[in-house]
$ cat my_file-v6.txt   # compact mmCIF, C-alpha atoms and all ligand atoms
# COMPACT_ATOMS: atom_id res chain seq x y z
CA MET A 1 -29.11 40.18 -12.22
CA SER A 2 -26.55 37.91 -13.91
CA SER A 3 -26.05 38.49 -17.61
CA ARG A 4 -24.74 34.94 -17.99
CA PRO A 5 -26.14 33.04 -21.00
CA SER A 6 -29.04 30.73 -20.29
CA THR A 7 -27.30 27.79 -21.96
CA TRP A 8 -23.77 26.42 -22.44
CA ASN A 9 -21.61 28.37 -24.87
CA VAL A 10 -17.85 28.19 -24.35
CA PRO A 11 -15.93 29.74 -27.27
CA ALA A 12 -12.16 29.40 -27.65
CA SER A 13 -10.17 32.54 -26.82
CA LYS A 14 -9.14 35.08 -29.45
CA VAL A 15 -5.51 33.95 -29.22
CA ALA A 16 -6.42 30.26 -29.48
CA LYS A 17 -8.51 30.94 -32.58
CA ARG A 18 -5.60 32.68 -34.24
CA ALA A 19 -3.09 30.04 -33.22
CA HIS A 20 -3.80 27.67 -36.08
CA ASN A 21 -0.98 26.48 -38.25
CA PRO A 22 -1.85 27.18 -41.91
CA ILE A 23 0.63 24.56 -43.06
CA ARG A 24 -1.66 21.84 -41.73
CA GLN A 25 -4.21 22.59 -44.44
CA ILE A 26 -1.51 22.10 -47.09
CA VAL A 27 0.10 19.06 -45.45
CA ASP A 28 -3.26 17.36 -44.87
CA LYS A 29 -3.68 17.22 -48.65
CA LEU A 30 -0.55 15.07 -48.88
CA LYS A 31 -2.20 11.73 -48.24
CA ILE A 32 0.11 8.83 -47.46
CA ASP A 33 -1.24 5.48 -48.62
CA PRO A 34 -0.47 2.87 -45.90
CA ASN A 35 -0.93 0.09 -48.50
CA ALA A 36 1.38 1.62 -51.11
CA GLN A 37 3.64 -0.90 -52.82
CA LYS A 38 6.74 1.20 -52.46
CA GLN A 39 8.05 1.99 -48.99
CA LEU A 40 7.51 5.60 -47.89
CA ILE A 41 10.56 7.88 -48.15
CA SER A 42 9.89 11.06 -46.24
CA LEU A 43 12.03 14.05 -47.14
CA ALA A 44 9.65 16.27 -45.22
CA LEU A 45 10.57 16.36 -41.56
CA GLY A 46 13.37 18.62 -40.30
CA ASP A 47 14.28 16.09 -37.61
CA PRO A 48 17.74 14.61 -38.28
CA THR A 49 17.18 11.69 -35.89
CA VAL A 50 14.40 9.87 -37.73
CA PHE A 51 16.51 7.62 -39.96
CA GLY A 52 19.07 6.64 -37.29
CA ASN A 53 22.06 7.87 -39.33
CA PHE A 54 22.55 11.12 -37.36
CA ASN A 55 23.08 10.34 -33.69
CA VAL A 56 23.92 12.42 -30.64
CA ASP A 57 27.51 12.03 -29.46
CA ASP A 58 28.06 9.44 -26.70
CA SER A 59 29.65 12.09 -24.49
CA CYS A 60 26.35 14.03 -24.37
CA ASN A 61 24.41 10.92 -23.37
CA GLU A 62 26.99 10.09 -20.70
CA SER A 63 26.68 13.56 -19.21
CA VAL A 64 22.88 13.36 -19.10
CA ILE A 65 23.06 9.92 -17.44
CA LYS A 66 25.63 11.17 -14.91
CA HIS A 67 23.39 14.08 -13.88
CA LEU A 68 20.26 11.94 -13.89
CA GLN A 69 21.89 9.50 -11.49
CA SER A 70 23.21 12.26 -9.21
CA PHE A 71 19.71 12.95 -7.80
CA LYS A 72 20.76 16.60 -7.87
CA ALA A 73 19.11 17.51 -11.15
CA ASN A 74 15.48 16.94 -10.31
CA GLY A 75 14.36 20.22 -8.79
CA TYR A 76 12.92 23.37 -10.30
CA PRO A 77 15.67 25.38 -12.01
CA PRO A 78 15.37 29.19 -12.05
CA ALA A 79 12.84 30.28 -14.68
CA HIS A 80 15.46 31.65 -17.07
CA GLY A 81 17.86 28.73 -16.53
CA THR A 82 20.55 27.73 -14.03
CA GLU A 83 23.58 29.97 -13.61
CA GLN A 84 25.91 27.14 -14.79
CA ALA A 85 23.87 26.44 -17.92
CA ARG A 86 23.58 30.13 -18.84
CA ALA A 87 27.28 30.67 -18.16
CA ALA A 88 28.08 27.74 -20.47
CA VAL A 89 26.05 29.31 -23.29
CA ALA A 90 27.66 32.72 -22.65
CA GLU A 91 31.15 31.22 -22.72
CA LYS A 92 30.40 29.25 -25.89
CA PHE A 93 29.13 32.24 -27.85
CA ASN A 94 31.25 34.98 -26.26
CA HIS A 95 33.23 36.85 -28.91
CA PRO A 96 35.53 39.87 -28.63
CA ASP A 97 33.14 41.73 -30.96
CA ALA A 98 29.98 40.46 -29.21
CA PRO A 99 30.81 39.97 -25.54
CA LEU A 100 28.39 37.90 -23.45
CA THR A 101 27.98 37.03 -19.79
CA SER A 102 25.52 34.63 -18.17
CA ARG A 103 23.26 37.68 -17.53
CA ASP A 104 22.75 37.99 -21.28
CA VAL A 105 21.44 34.43 -21.68
CA ILE A 106 17.87 33.26 -21.15
CA LEU A 107 17.17 29.56 -21.61
CA ALA A 108 13.96 28.48 -23.30
CA ASN A 109 11.99 25.49 -24.44
CA GLY A 110 13.91 24.87 -27.64
CA CYS A 111 14.66 27.55 -30.20
CA SER A 112 10.89 27.79 -30.74
CA GLY A 113 10.51 28.91 -27.12
CA ALA A 114 13.38 31.36 -27.61
CA LEU A 115 11.65 32.81 -30.70
CA ASP A 116 8.43 33.13 -28.74
CA LEU A 117 10.25 35.09 -26.01
CA ALA A 118 12.10 37.31 -28.47
CA ILE A 119 9.05 38.13 -30.60
CA ASN A 120 6.87 38.74 -27.55
CA ALA A 121 9.45 40.97 -25.93
CA LEU A 122 9.95 43.13 -29.03
CA CYS A 123 6.59 43.31 -30.80
CA SER A 124 3.23 44.57 -29.58
CA GLU A 125 -0.24 43.98 -30.99
CA GLY A 126 -0.77 46.17 -34.06
CA GLN A 127 2.93 46.40 -34.92
CA ASN A 128 4.56 44.54 -37.78
CA MET A 129 7.71 42.47 -38.06
CA LEU A 130 9.72 41.70 -41.19
CA ILE A 131 10.27 38.03 -41.88
CA PRO A 132 11.94 36.19 -44.76
CA ARG A 133 10.03 34.55 -47.61
CA PRO A 134 10.59 31.66 -48.03
CA GLY A 135 10.93 31.19 -44.31
CA PHE A 136 10.31 28.95 -41.33
CA SER A 137 6.56 29.05 -40.76
CA LEU A 138 6.73 29.48 -36.98
CA TYR A 139 7.66 33.16 -37.41
CA ASP A 140 4.41 33.83 -39.21
CA ASN A 141 2.35 31.66 -36.82
CA LEU A 142 3.74 33.30 -33.68
CA ALA A 143 3.23 36.79 -35.08
CA VAL A 144 -0.34 36.18 -36.24
CA SER A 145 -1.41 34.55 -32.99
CA ARG A 146 -0.22 37.65 -31.09
CA PHE A 147 -1.94 40.11 -33.48
CA ILE A 148 1.41 41.20 -34.93
CA GLU A 149 1.39 41.71 -38.69
CA PRO A 150 3.95 39.53 -40.50
CA ARG A 151 5.49 41.37 -43.47
CA PHE A 152 7.44 39.13 -45.79
CA TYR A 153 10.64 40.30 -47.45
CA ASN A 154 11.70 38.38 -50.53
CA LEU A 155 14.74 36.15 -50.72
CA VAL A 156 16.23 35.79 -54.19
CA PRO A 157 16.97 32.22 -55.38
CA GLU A 158 19.28 33.47 -58.16
CA ARG A 159 21.46 35.12 -55.50
CA SER A 160 21.65 32.05 -53.24
CA TRP A 161 18.60 33.29 -51.36
CA GLU A 162 20.02 36.65 -50.29
CA ALA A 163 17.44 39.13 -49.07
CA ASP A 164 16.10 41.64 -51.60
CA LEU A 165 17.17 44.69 -49.60
CA ASP A 166 15.14 47.18 -51.63
CA HIS A 167 12.04 45.11 -51.03
CA LEU A 168 12.89 44.73 -47.36
CA GLU A 169 13.33 48.49 -46.97
CA SER A 170 10.06 49.21 -48.78
CA LEU A 171 8.17 47.27 -46.07
CA ILE A 172 9.49 49.35 -43.17
CA ASP A 173 7.17 51.90 -41.59
CA GLU A 174 6.57 53.58 -38.23
CA ASN A 175 4.93 50.39 -36.87
CA THR A 176 7.80 48.06 -37.71
CA ALA A 177 9.15 46.48 -34.53
CA CYS A 178 12.05 44.34 -35.80
CA ILE A 179 13.65 42.43 -38.66
CA LEU A 180 14.03 38.67 -38.38
CA VAL A 181 17.02 37.12 -40.16
CA ASN A 182 17.49 33.36 -40.40
CA ASN A 183 21.06 32.34 -41.21
CA PRO A 184 21.81 29.53 -42.12
CA SER A 185 18.30 29.13 -43.42
CA ASN A 186 15.46 26.70 -43.19
CA PRO A 187 14.10 26.05 -45.84
CA CYS A 188 16.78 27.48 -48.17
CA GLY A 189 20.03 25.94 -46.91
CA SER A 190 21.66 29.32 -47.58
CA VAL A 191 24.59 30.79 -45.63
CA TYR A 192 25.00 34.54 -45.90
CA SER A 193 28.30 36.23 -46.64
CA GLU A 194 29.75 38.70 -44.18
CA GLN A 195 29.01 41.52 -46.65
CA HIS A 196 25.35 40.60 -47.02
CA LEU A 197 24.88 40.47 -43.25
CA ARG A 198 26.60 43.86 -42.98
CA ASP A 199 24.23 45.23 -45.64
CA ILE A 200 21.19 44.04 -43.67
CA LEU A 201 22.68 45.54 -40.51
CA ALA A 202 23.24 48.87 -42.27
CA LEU A 203 19.53 48.99 -43.15
CA ALA A 204 18.57 48.08 -39.61
CA ASN A 205 20.84 50.82 -38.28
CA LYS A 206 19.49 53.39 -40.74
CA HIS A 207 15.92 52.73 -39.55
CA HIS A 208 16.81 52.04 -35.90
CA LEU A 209 15.35 48.55 -36.04
CA PRO A 210 16.52 45.72 -33.78
CA ILE A 211 17.18 42.28 -35.21
CA ILE A 212 16.12 38.80 -34.18
CA ALA A 213 18.85 36.52 -35.56
CA ASP A 214 17.65 32.92 -35.77
CA GLU A 215 21.00 31.09 -35.69
CA ILE A 216 19.78 27.61 -34.77
CA TYR A 217 21.84 26.19 -37.70
CA CYS A 218 25.00 28.02 -36.61
CA ASP A 219 28.19 26.28 -37.75
CA LEU A 220 26.28 23.80 -39.93
CA VAL A 221 27.99 25.16 -43.03
CA PHE A 222 29.65 23.38 -45.92
CA ALA A 223 33.19 23.79 -47.27
CA GLY A 224 33.80 27.21 -48.77
CA ASN A 225 31.24 28.95 -46.53
CA THR A 226 31.64 30.65 -43.16
CA PHE A 227 29.03 31.28 -40.51
CA TYR A 228 29.17 34.82 -39.07
CA PRO A 229 27.13 35.40 -35.90
CA MET A 230 25.26 38.56 -36.76
CA ALA A 231 26.00 40.22 -33.42
CA THR A 232 29.75 40.09 -34.13
CA LEU A 233 29.31 42.38 -37.14
CA THR A 234 27.75 45.41 -35.47
CA LYS A 235 28.40 47.76 -32.59
CA GLU A 236 25.22 49.74 -33.18
CA VAL A 237 22.31 47.41 -33.87
CA PRO A 238 20.88 45.59 -30.83
CA ILE A 239 20.34 41.89 -31.54
CA LEU A 240 18.46 39.05 -29.93
CA SER A 241 20.11 35.89 -31.21
CA VAL A 242 18.19 32.64 -30.78
CA GLY A 243 19.64 29.15 -30.93
CA GLY A 244 19.55 25.75 -29.34
CA LEU A 245 20.81 22.20 -29.18
CA ALA A 246 18.31 20.72 -31.64
CA LYS A 247 20.24 20.72 -34.89
CA LYS A 248 23.96 21.05 -34.23
CA TYR A 249 23.87 18.46 -31.44
CA LEU A 250 21.19 16.33 -33.13
CA VAL A 251 18.79 16.30 -30.18
CA PRO A 252 15.63 18.21 -31.17
CA GLY A 253 13.60 16.33 -28.54
CA TRP A 254 15.75 17.58 -25.67
CA ARG A 255 14.08 20.98 -26.00
CA VAL A 256 16.87 23.30 -24.99
CA GLY A 257 17.16 26.68 -26.65
CA TRP A 258 18.31 30.15 -25.68
CA VAL A 259 18.09 33.84 -26.35
CA THR A 260 21.36 35.77 -26.15
CA VAL A 261 20.93 39.50 -25.70
CA HIS A 262 23.50 41.60 -27.59
CA ASP A 263 23.13 45.14 -26.43
CA ARG A 264 26.30 47.22 -26.63
CA ASN A 265 24.58 50.54 -25.99
CA GLY A 266 21.89 49.85 -23.39
CA ILE A 267 19.08 50.09 -25.97
CA PHE A 268 17.57 46.77 -24.90
CA ARG A 269 17.43 47.58 -21.15
CA GLU A 270 13.64 47.35 -21.03
CA VAL A 271 13.44 44.52 -23.59
CA HIS A 272 15.96 42.50 -21.58
CA GLU A 273 13.84 42.92 -18.45
CA GLY A 274 10.81 42.04 -20.55
CA ILE A 275 12.35 38.75 -21.71
CA LEU A 276 13.20 37.86 -18.12
CA SER A 277 9.63 38.62 -17.04
CA LEU A 278 8.20 36.58 -19.92
CA SER A 279 10.53 33.67 -19.09
CA GLN A 280 9.10 33.68 -15.55
CA LEU A 281 5.61 32.83 -16.78
CA ILE A 282 6.62 29.21 -17.46
CA LEU A 283 9.90 27.63 -16.35
CA GLY A 284 12.59 26.98 -18.95
CA PRO A 285 13.90 23.64 -20.20
CA CYS A 286 14.29 20.30 -18.41
CA SER A 287 16.59 20.44 -15.36
CA VAL A 288 18.60 17.34 -16.31
CA ILE A 289 19.58 18.65 -19.72
CA GLN A 290 20.39 22.05 -18.21
CA CYS A 291 22.85 20.30 -15.87
CA ALA A 292 24.44 18.53 -18.83
CA LEU A 293 24.62 21.70 -20.93
CA PRO A 294 28.17 22.74 -19.90
CA ASP A 295 29.47 19.29 -20.91
CA ILE A 296 27.48 19.26 -24.13
CA LEU A 297 28.63 22.69 -25.24
CA HIS A 298 32.26 22.39 -24.17
CA ASN A 299 33.19 18.71 -24.27
CA THR A 300 31.53 17.37 -27.40
CA PRO A 301 34.49 16.36 -29.57
CA GLN A 302 35.08 18.37 -32.74
CA ALA A 303 35.16 15.03 -34.60
CA PHE A 304 31.42 14.68 -33.94
CA HIS A 305 30.68 18.02 -35.63
CA ASP A 306 33.07 17.22 -38.50
CA LYS A 307 31.26 13.93 -39.09
CA THR A 308 27.87 15.65 -39.14
CA ILE A 309 29.10 18.15 -41.74
CA ALA A 310 30.74 15.42 -43.83
CA GLN A 311 27.48 13.44 -43.90
CA LEU A 312 25.47 16.53 -44.84
CA GLU A 313 27.95 17.44 -47.56
CA LEU A 314 27.75 13.95 -49.04
CA ASN A 315 23.95 14.08 -48.96
CA THR A 316 23.98 17.50 -50.60
CA LYS A 317 26.16 16.14 -53.41
CA VAL A 318 23.83 13.17 -53.91
CA SER A 319 20.83 15.52 -53.87
CA VAL A 320 22.22 18.10 -56.28
CA GLU A 321 23.32 15.35 -58.69
CA GLY A 322 20.01 13.50 -58.35
CA ILE A 323 17.89 16.58 -59.09
CA SER A 324 20.17 17.77 -61.91
CA LYS A 325 19.21 14.64 -63.90
CA ILE A 326 15.48 15.42 -63.73
CA PRO A 327 14.05 17.62 -66.50
CA GLY A 328 11.62 20.23 -65.12
CA LEU A 329 13.33 20.55 -61.73
CA THR A 330 16.07 22.97 -60.67
CA ALA A 331 17.89 22.75 -57.37
CA VAL A 332 19.31 25.80 -55.62
CA ILE A 333 22.59 24.44 -54.25
CA PRO A 334 22.63 24.57 -50.44
CA GLN A 335 25.56 26.05 -48.53
CA GLY A 336 24.61 24.74 -45.10
CA ALA A 337 21.81 23.61 -42.73
CA MET A 338 19.83 20.50 -43.71
CA TYR A 339 17.62 21.55 -46.58
CA MET A 340 17.49 22.12 -50.30
CA MET A 341 14.87 24.07 -52.24
CA VAL A 342 13.97 22.72 -55.67
CA GLY A 343 12.12 24.76 -58.29
CA VAL A 344 9.33 23.09 -60.32
CA ASN A 345 9.04 24.52 -63.81
CA VAL A 346 5.29 23.96 -64.05
CA SER A 347 5.14 24.93 -67.75
CA GLU A 348 7.24 21.85 -68.60
CA PHE A 349 4.64 19.48 -67.13
CA LYS A 350 1.38 18.53 -68.82
CA ASP A 351 -0.73 18.00 -65.70
CA ILE A 352 0.98 19.64 -62.72
CA SER A 353 -0.63 22.91 -61.69
CA ASP A 354 1.69 24.00 -58.86
CA ASP A 355 4.00 22.82 -56.06
CA VAL A 356 1.16 21.46 -53.92
CA ASP A 357 -0.16 19.47 -56.88
CA PHE A 358 3.38 18.23 -57.59
CA THR A 359 4.04 17.00 -54.04
CA GLN A 360 0.54 15.55 -53.75
CA LYS A 361 0.90 13.50 -56.95
CA LEU A 362 4.49 12.54 -56.07
CA VAL A 363 3.48 11.00 -52.75
CA ALA A 364 0.40 9.34 -54.27
CA GLU A 365 2.33 7.74 -57.14
CA GLU A 366 5.83 7.20 -55.72
CA ASN A 367 5.41 7.40 -51.93
CA VAL A 368 8.06 10.13 -51.70
CA LEU A 369 7.00 12.93 -49.35
CA CYS A 370 8.30 16.49 -49.65
CA LEU A 371 6.86 19.74 -48.36
CA PRO A 372 5.57 22.12 -51.03
CA GLY A 373 7.06 25.63 -51.11
CA GLN A 374 3.68 27.09 -50.12
CA CYS A 375 4.39 25.81 -46.59
CA PHE A 376 7.16 28.42 -46.56
CA GLY A 377 5.22 31.08 -48.47
CA TYR A 378 7.02 30.23 -51.73
CA PRO A 379 5.00 28.54 -54.51
CA ASN A 380 6.46 26.39 -57.29
CA PHE A 381 9.34 25.16 -55.19
CA PHE A 382 9.47 22.22 -52.84
CA ARG A 383 11.78 21.55 -49.92
CA ILE A 384 13.93 18.47 -49.49
CA VAL A 385 15.33 17.53 -46.10
CA ILE A 386 18.76 16.10 -46.86
CA THR A 387 19.30 14.05 -43.70
CA PRO A 388 18.09 10.58 -44.83
CA PRO A 389 20.88 8.07 -45.62
CA ALA A 390 22.42 8.59 -49.08
CA ASP A 391 20.94 5.35 -50.48
CA ARG A 392 17.41 6.44 -49.44
CA LEU A 393 18.01 9.81 -51.12
CA GLU A 394 19.21 8.10 -54.30
CA GLU A 395 16.10 5.92 -54.33
CA ALA A 396 13.91 9.00 -53.78
CA TYR A 397 15.52 10.85 -56.72
CA SER A 398 15.21 7.85 -58.97
CA ARG A 399 11.48 7.65 -58.16
CA MET A 400 11.16 11.41 -58.71
CA LYS A 401 12.82 11.02 -62.09
CA GLU A 402 10.31 8.39 -63.19
CA PHE A 403 7.46 10.51 -61.87
CA CYS A 404 8.64 13.61 -63.74
CA ALA A 405 9.20 11.65 -66.94
CA ARG A 406 5.57 10.46 -66.80
CA HIS A 407 4.22 13.99 -66.30
CA HIS A 408 6.64 15.91 -68.54
CA ILE A 409 5.23 17.34 -71.78
C1 LIG A 501 14.89 28.08 -38.60
C2 LIG A 501 14.40 27.37 -37.38
N1 LIG A 501 14.27 28.05 -36.24
C3 LIG A 501 13.84 27.45 -35.11
C4 LIG A 501 13.51 26.11 -35.09
C5 LIG A 501 12.97 25.48 -33.82
O1 LIG A 501 13.92 24.73 -33.16
P1 LIG A 501 13.56 23.89 -31.85
O2 LIG A 501 13.29 22.49 -32.28
O3 LIG A 501 14.78 23.99 -30.98
O4 LIG A 501 12.37 24.52 -31.20
C6 LIG A 501 13.63 25.35 -36.27
C7 LIG A 501 13.26 23.93 -36.29
O5 LIG A 501 13.15 23.29 -37.28
C8 LIG A 501 14.09 26.00 -37.43
O6 LIG A 501 14.23 25.33 -38.60
$ encode --input "my_file-v6.txt" --output "structure tokens"
Amino acid sequence: MSSRPSTWNVPASKVAKRAHNPIRQIVDKLKIDPNAQKQLISLALGDPTVFGNFNVDDSCNESVIKHLQSFKANGYPPAHGTEQARAAVAEKFNHPDAPLTSRDVILANGCSGALDLAINALCSEGQNMLIPRPGFSLYDNLAVSRFIEPRFYNLVPERSWEADLDHLESLIDENTACILVNNPSNPCGSVYSEQHLRDILALANKHHLPIIADEIYCDLVFAGNTFYPMATLTKEVPILSVGGLAKKYLVPGWRVGWVTVHDRNGIFREVHEGILSLSQLILGPCSVIQCALPDILHNTPQAFHDKTIAQLELNTKVSVEGISKIPGLTAVIPQGAMYMMVGVNVSEFKDISDDVDFTQKLVAEENVLCLPGQCFGYPNFFRIVITPPADRLEEAYSRMKEFCARHHI
């Protein structure tokens, strides 16, 4: 006898039910008025292409067009990426202290896909992983949907968002699978010193914990700062570094990312196999962009990267100056990436209860949209994306100033 129900009842799966994005609930409160008098200025979206002032280099477009027109880039690539594309990534990131070959590279659907592979390969249901707070929300979402417990280690704004290592260590137990480090950081705009990265690595080594290094903002660092790929600073700790084209090459929609496996001592043998197996479930990124990858990584002129940094540095200056003139707000000066975190001193305002309330009222009254810190697990801060043109940023800060003056005690 069938034990099938007598009527229709089709529930979503356990994974689907856990796959919700908690940020939506916060962002949905930020209502944009389509009839607002002032034009919307969005400082919310980490997509540098939206204002038209950050554009991909012509050479990248030309390479994509060349391969598109060759009729040779339309087939299924191998699941983990073509040999040429993987070799290009290996060559780009190869370092005497962190040697790479094409075997160590797995291509993925953006850096998000690379994170998915890395987290899935390292963490099992019931284990926990250590992730930064404030941090990019995808880490939390991916972990929770796979029944992995996210444990948040604190970053310290007074120390340019360095990790609180004592706190980090206190979270480690026998079920900890890995530590995730994001450098340069979204949402903080921080760039860690060599010493701080070595200190994190020493902890990882002490507890025999592998690291996922999210280095999607690699090289997007401002004068006076240096980006150190984490894998170049250790011979002991195995590292999965994840990256992609999205930010440095200004093409988030092209959806090319990668995992590079840094395993000097054969510790990741099974994990490496595991990533390859996971990558075979669904093929990697678009074949045309894979064909263009060697050109993109090796032939994009340095002047393009210099221009991107110069624009970001100018926008940082405008942003730091703009916020410094607003009583009740404190900016933590960014060292790289595309973001700035701003603290809201709630006690200085007569009718602002927290960061969500602040951003909600700001968009309602001034049509300036920012994401509240709670989206990154960090209340009473909000995040500014610093990629809009400088004049838009200036206008946004002038509106913020008026808003704060109205609500200040
Ligand atoms: C820290 C961080 N990691 C990963 C990603 C995902 O990058 P992609 O667009 O290549 O999936 C982002 C995107 O904003 C990010 O900020």
$ closest_atom_pairs --input "my_file-v6.txt" --of "chain A" --to "ligand LIG 501 (chain A)" --cutoff "8 Å" --atoms "only C-alpha atoms and all ligand atoms" --output "CSV"
residue,atom,partner,partner_atom,distance
A:Gly46,CA,A:LIG501,O5,5.6
A:Asp47,CA,A:LIG501,O5,7.3
A:Asn109,CA,A:LIG501,O4,6.8
A:Gly110,CA,A:LIG501,O3,3.6
A:Cys111,CA,A:LIG501,O3,3.6
A:Ser112,CA,A:LIG501,O4,3.6
A:Gly113,CA,A:LIG501,O4,6.3
A:Ala114,CA,A:LIG501,O4,7.8
A:Leu115,CA,A:LIG501,C3,7.3
A:Gly135,CA,A:LIG501,C1,7.6
A:Phe136,CA,A:LIG501,C1,5.4
A:Leu138,CA,A:LIG501,C3,7.6
A:Asn182,CA,A:LIG501,C1,6.2
A:Asn183,CA,A:LIG501,C1,7.9
A:Pro184,CA,A:LIG501,C1,7.9
A:Ser185,CA,A:LIG501,C1,6.0
A:Asn186,CA,A:LIG501,C1,4.8
A:Pro187,CA,A:LIG501,O6,7.3
A:Asp214,CA,A:LIG501,N1,5.9
A:Glu215,CA,A:LIG501,N1,7.4
A:Ile216,CA,A:LIG501,N1,5.7
A:Tyr217,CA,A:LIG501,C1,7.3
A:Gly243,CA,A:LIG501,O3,7.1
A:Gly244,CA,A:LIG501,O3,5.3
A:Leu245,CA,A:LIG501,O3,6.5
A:Ala246,CA,A:LIG501,O3,4.9
A:Lys247,CA,A:LIG501,O3,7.5
A:Pro252,CA,A:LIG501,O2,5.0
A:Gly253,CA,A:LIG501,O2,7.2
A:Arg255,CA,A:LIG501,O3,5.9
A:Val256,CA,A:LIG501,O3,6.4
A:Gly257,CA,A:LIG501,O3,5.6
$ closest_atom_pairs --input "my_file-v6.txt" --of "range 106-184 of chain A" --to "range 362-381 of chain A" --cutoff "10 Å" --atoms "all atoms listed in the file" --output "JSON lines"
{"residue": "A:Pro132", "atom": "CA", "partner": "A:Gly377", "partner_atom": "CA", "distance": 9.2}
{"residue": "A:Arg133", "atom": "CA", "partner": "A:Gly377", "partner_atom": "CA", "distance": 6.0}
{"residue": "A:Pro134", "atom": "CA", "partner": "A:Phe376", "partner_atom": "CA", "distance": 4.9}
{"residue": "A:Gly135", "atom": "CA", "partner": "A:Phe376", "partner_atom": "CA", "distance": 5.2}
{"residue": "A:Phe136", "atom": "CA", "partner": "A:Phe376", "partner_atom": "CA", "distance": 6.1}
{"residue": "A:Ser137", "atom": "CA", "partner": "A:Phe376", "partner_atom": "CA", "distance": 5.9}
{"residue": "A:Leu138", "atom": "CA", "partner": "A:Phe376", "partner_atom": "CA", "distance": 9.6}
{"residue": "A:Asp140", "atom": "CA", "partner": "A:Phe376", "partner_atom": "CA", "distance": 9.5}
{"residue": "A:Phe152", "atom": "CA", "partner": "A:Gly377", "partner_atom": "CA", "distance": 8.8}
{"residue": "A:Asn154", "atom": "CA", "partner": "A:Tyr378", "partner_atom": "CA", "distance": 9.5}
{"residue": "A:Leu155", "atom": "CA", "partner": "A:Tyr378", "partner_atom": "CA", "distance": 9.8}
$ closest_atom_pairs --input "my_file-v6.txt" --of "range 115-159 of chain A" --to "range 237-242 of chain A" --cutoff "12 Å" --atoms "all atoms listed in the file" --output "CSV"
residue,atom,partner,partner_atom,distance
A:Leu115,CA,A:Val242,CA,6.5
A:Asp116,CA,A:Val242,CA,10.0
A:Leu117,CA,A:Val242,CA,9.6
A:Ala118,CA,A:Leu240,CA,6.8
A:Ile119,CA,A:Leu240,CA,9.5
A:Asn120,CA,A:Leu240,CA,11.8
A:Ala121,CA,A:Leu240,CA,10.0
A:Leu122,CA,A:Leu240,CA,9.5
$ write_last_selection --input "my_file-v6.txt" --atoms "C-alpha atoms" --output "JSON list (two decimals), in the frame of the given file"
[["chain", "number", "residue", "atom", "x", "y", "z"],
["A", 115, "LEU", "CA", 11.65, 32.81, -30.70],
["A", 116, "ASP", "CA", 8.43, 33.13, -28.74],
["A", 117, "LEU", "CA", 10.25, 35.09, -26.01],
["A", 118, "ALA", "CA", 12.10, 37.31, -28.47],
["A", 119, "ILE", "CA", 9.05, 38.13, -30.60],
["A", 120, "ASN", "CA", 6.87, 38.74, -27.55],
["A", 121, "ALA", "CA", 9.45, 40.97, -25.93],
["A", 122, "LEU", "CA", 9.95, 43.13, -29.03]]
$ closest_residue --input "my_file-v6.txt" --among "A:His196, A:Arg86, A:Lys248, A:His208" --to "Ala337 in chain A" --atoms "all atoms listed in the file"
A:Lys248
$ atom_distance --input "my_file-v6.txt" --atom1 "CA of Phe93 in chain A" --atom2 "CA of Cys218 in chain A"
10.6 Å
$ atom_distance --input "my_file-v6.txt" --atom1 "CA of Ala163 in chain A" --atom2 "CA of Leu45 in chain A"
24.9 Å
$ residues_around --input "my_file-v6.txt" --residues "His67 in chain A" --least-positions-apart "5" --cutoff "8 Å" --atoms "all atoms listed in the file" --output "list in words"
Lys72, Ala73, Val288, Cys291 and Ala292 of chain A
$ atom_distance --input "my_file-v6.txt" --atom1 "CA of Arg269 in chain A" --atom2 "CA of Asp104 in chain A"
11.0 Å
$ closest_atom_pairs --input "my_file-v6.txt" --of "range 58-172 of chain A" --to "range 295-314 of chain A" --cutoff "12 Å" --atoms "all atoms listed in the file" --output "JSON lines"
{"residue": "A:Asp58", "atom": "CA", "partner": "A:Thr300", "partner_atom": "CA", "distance": 8.7}
{"residue": "A:Ser59", "atom": "CA", "partner": "A:Thr300", "partner_atom": "CA", "distance": 6.3}
{"residue": "A:Cys60", "atom": "CA", "partner": "A:Ile296", "partner_atom": "CA", "distance": 5.4}
{"residue": "A:Asn61", "atom": "CA", "partner": "A:Ile296", "partner_atom": "CA", "distance": 8.9}
{"residue": "A:Glu62", "atom": "CA", "partner": "A:Asp295", "partner_atom": "CA", "distance": 9.5}
{"residue": "A:Ser63", "atom": "CA", "partner": "A:Asp295", "partner_atom": "CA", "distance": 6.6}
{"residue": "A:Val64", "atom": "CA", "partner": "A:Ile296", "partner_atom": "CA", "distance": 9.0}
{"residue": "A:Ile65", "atom": "CA", "partner": "A:Asp295", "partner_atom": "CA", "distance": 11.9}
{"residue": "A:Lys66", "atom": "CA", "partner": "A:Asp295", "partner_atom": "CA", "distance": 10.8}
{"residue": "A:His67", "atom": "CA", "partner": "A:Asp295", "partner_atom": "CA", "distance": 10.7}
{"residue": "A:Gln84", "atom": "CA", "partner": "A:Asp295", "partner_atom": "CA", "distance": 10.6}
{"residue": "A:Ala85", "atom": "CA", "partner": "A:Leu297", "partner_atom": "CA", "distance": 9.5}
{"residue": "A:Arg86", "atom": "CA", "partner": "A:Leu297", "partner_atom": "CA", "distance": 11.0}
{"residue": "A:Ala87", "atom": "CA", "partner": "A:Leu297", "partner_atom": "CA", "distance": 10.8}
{"residue": "A:Ala88", "atom": "CA", "partner": "A:Leu297", "partner_atom": "CA", "distance": 7.0}
{"residue": "A:Val89", "atom": "CA", "partner": "A:Leu297", "partner_atom": "CA", "distance": 7.4}
{"residue": "A:Ala90", "atom": "CA", "partner": "A:Leu297", "partner_atom": "CA", "distance": 10.4}
{"residue": "A:Glu91", "atom": "CA", "partner": "A:His298", "partner_atom": "CA", "distance": 9.0}
{"residue": "A:Lys92", "atom": "CA", "partner": "A:Leu297", "partner_atom": "CA", "distance": 6.8}
{"residue": "A:Phe93", "atom": "CA", "partner": "A:Leu297", "partner_atom": "CA", "distance": 9.9}
